[in-house]
Amino acid sequence: MKLKGAKKVHYDSGPNMTPLVDVVMVILIFLMLAGSFEKGGWFLKSSMPIKKEGGAGAPPDPTKIPDTNLEIRVDNSPDGFRVSAGDIKSTGDRASLKAALQQKLEAFRAAGDKPEKIQVVLMPGRNVKYNSLIIVYEAALRAGFTKVGFATSH
């Protein structure tokens with residue numbers, strides 16, 4: 001009695017994965033050769049000076065005069081938004097806001113402050129719309145201030 005199925009070898013191992021592995025290895029080698037391994041490649045370039053010693057706990061430099069801050073508060077109002085910064089009071093009018101900020105810049109210049117040493121800090125109130133904040137930001141830039149930044153809500 002001959003067993004016919006005993007001599008026949010069955011290969012039910014699925015599809016051949018060798019070409020797939022070859023292609024993946026070629027792509028991997030290409031990406032390794034095409035990429036750069038420079039040290040600073042992962043970080044954005046910045047023009048900020050790097051402080052080598054001290055850190056946050058170091059005493060401030062006594063020879064450096066700190067920048068003058070102008071804090072501008074932006075709040076919601078029924079007719080749009082309201083701006084207050086010391087003696088500046090404005091409500092949503094771009095032209096009057098720009099004029100008030102230009103007068104403030106002239107007052108700083110008259111007091112001996114250089115425009116590049118004045119920091120304008122925009123402090124939005126709760127639920128202030130971005131559009132209102134951008135209007136104040138643009139008015140500060142058009143008034144001649146060069147350092148304009150944002151703070152968290154007050």
# chains A, B, ... in the order shown; residues from 1 in each chain; ligands from 1

call {"tool": "residues_around", "arguments": {"residues": "stretch 145-150 of chain A", "least_positions_apart": "2", "cutoff": "10 Å", "atoms": "only C-alpha atoms", "output": "list in words"}}
result
Asp67, Asn69, Leu70, Glu71, Ile72, Leu101, Gln102, Leu105, Pro115, Glu116, Lys117, Ile118, Gln119, Val120, Val121, Leu122, Met123, Pro124, Leu133, Tyr137, Glu138, Ala139, Ala140, Leu141, Arg142, Ala143, Thr152 and Ser153 of chain A

call {"tool": "residues_around", "arguments": {"residues": "A:Gly80", "least_positions_apart": "6", "cutoff": "9 Å", "atoms": "only C-alpha atoms", "output": "JSON, numbers by chain"}}
result
{"A": [91, 92, 132]}

call {"tool": "atom_distance", "arguments": {"atom1": "atom CA of A:Arg82", "atom2": "atom CA of A:Gly125"}}
result
9.8 Å

call {"tool": "atom_distance", "arguments": {"atom1": "atom CA of A:Phe81", "atom2": "atom CA of A:Lys129"}}
result
8.6 Å

call {"tool": "closest_residue", "arguments": {"among": "A:Pro60, A:Pro66, A:Leu31, A:Val83", "to": "A:Lys114", "atoms": "only C-alpha atoms"}}
result
A:Pro66

call {"tool": "closest_residue", "arguments": {"among": "A:Ile135, A:Val74, A:Ala99, A:Leu20", "to": "A:Ala151", "atoms": "only C-alpha atoms"}}
result
A:Val74

call {"tool": "decode", "arguments": {"residues": "stretch 48-126 of chain A", "atoms": "C-alpha atoms", "output": "CSV table (one decimal), in the first residue's frame"}}
result
chain,number,residue,atom,x,y,z
A,48,MET,CA,19.2,85.7,21.6
A,49,PRO,CA,22.5,85.8,23.5
A,50,ILE,CA,23.4,82.6,25.3
A,51,LYS,CA,24.2,83.0,28.9
A,52,LYS,CA,27.0,80.6,29.8
A,53,GLU,CA,27.3,81.0,33.5
A,54,GLY,CA,24.8,81.5,36.4
A,55,GLY,CA,21.4,80.6,35.0
A,56,ALA,CA,18.2,81.7,36.6
A,57,GLY,CA,19.6,81.9,40.2
A,58,ALA,CA,22.5,84.2,39.2
A,59,PRO,CA,22.5,87.8,40.4
A,60,PRO,CA,21.5,90.4,37.7
A,61,ASP,CA,24.3,92.2,35.9
A,62,PRO,CA,24.7,95.6,37.7
A,63,THR,CA,26.0,97.3,34.6
A,64,LYS,CA,22.9,96.4,32.4
A,65,ILE,CA,20.0,98.8,32.6
A,66,PRO,CA,16.7,96.8,32.2
A,67,ASP,CA,14.2,97.7,29.5
A,68,THR,CA,11.3,99.9,30.3
A,69,ASN,CA,8.0,98.1,30.3
A,70,LEU,CA,4.7,99.5,29.0
A,71,GLU,CA,1.9,97.1,30.0
A,72,ILE,CA,-1.2,97.5,27.9
A,73,ARG,CA,-4.3,95.8,29.2
A,74,VAL,CA,-6.9,94.7,26.7
A,75,ASP,CA,-10.4,93.9,28.0
A,76,ASN,CA,-13.8,93.2,26.5
A,77,SER,CA,-16.4,95.9,26.4
A,78,PRO,CA,-20.0,96.1,24.9
A,79,ASP,CA,-18.7,98.0,21.8
A,80,GLY,CA,-15.7,95.7,21.1
A,81,PHE,CA,-12.7,96.1,23.3
A,82,ARG,CA,-11.1,98.5,25.8
A,83,VAL,CA,-7.4,99.4,26.1
A,84,SER,CA,-5.8,100.8,29.2
A,85,ALA,CA,-2.1,101.5,29.8
A,86,GLY,CA,-1.5,104.1,32.5
A,87,ASP,CA,-2.9,107.3,31.1
A,88,ILE,CA,-3.9,105.7,27.8
A,89,LYS,CA,-7.6,104.9,27.6
A,90,SER,CA,-9.1,103.8,24.3
A,91,THR,CA,-12.1,101.8,23.0
A,92,GLY,CA,-11.6,99.9,19.7
A,93,ASP,CA,-10.7,102.9,17.5
A,94,ARG,CA,-7.5,102.1,15.6
A,95,ALA,CA,-6.6,105.7,14.7
A,96,SER,CA,-7.0,107.0,18.2
A,97,LEU,CA,-5.2,104.1,19.7
A,98,LYS,CA,-2.2,104.6,17.3
A,99,ALA,CA,-2.1,108.3,18.1
A,100,ALA,CA,-2.2,107.7,21.9
A,101,LEU,CA,0.6,105.1,21.6
A,102,GLN,CA,2.7,107.5,19.4
A,103,GLN,CA,2.2,110.2,22.1
A,104,LYS,CA,3.4,107.7,24.7
A,105,LEU,CA,6.4,106.9,22.7
A,106,GLU,CA,7.3,110.6,22.3
A,107,ALA,CA,6.9,110.9,26.1
A,108,PHE,CA,9.4,108.0,26.6
A,109,ARG,CA,11.8,109.7,24.1
A,110,ALA,CA,11.4,113.0,26.0
A,111,ALA,CA,12.3,111.2,29.3
A,112,GLY,CA,15.5,109.9,27.7
A,113,ASP,CA,14.4,106.3,26.9
A,114,LYS,CA,15.5,104.9,23.6
A,115,PRO,CA,12.7,103.3,21.5
A,116,GLU,CA,14.6,100.0,21.3
A,117,LYS,CA,14.8,99.8,25.1
A,118,ILE,CA,11.0,99.9,25.6
A,119,GLN,CA,9.1,96.7,25.8
A,120,VAL,CA,5.4,96.7,25.1
A,121,VAL,CA,3.6,93.9,26.9
A,122,LEU,CA,0.0,93.2,25.8
A,123,MET,CA,-2.0,91.7,28.6
A,124,PRO,CA,-5.4,90.3,27.4
A,125,GLY,CA,-8.3,90.0,29.8
A,126,ARG,CA,-10.5,87.0,30.1
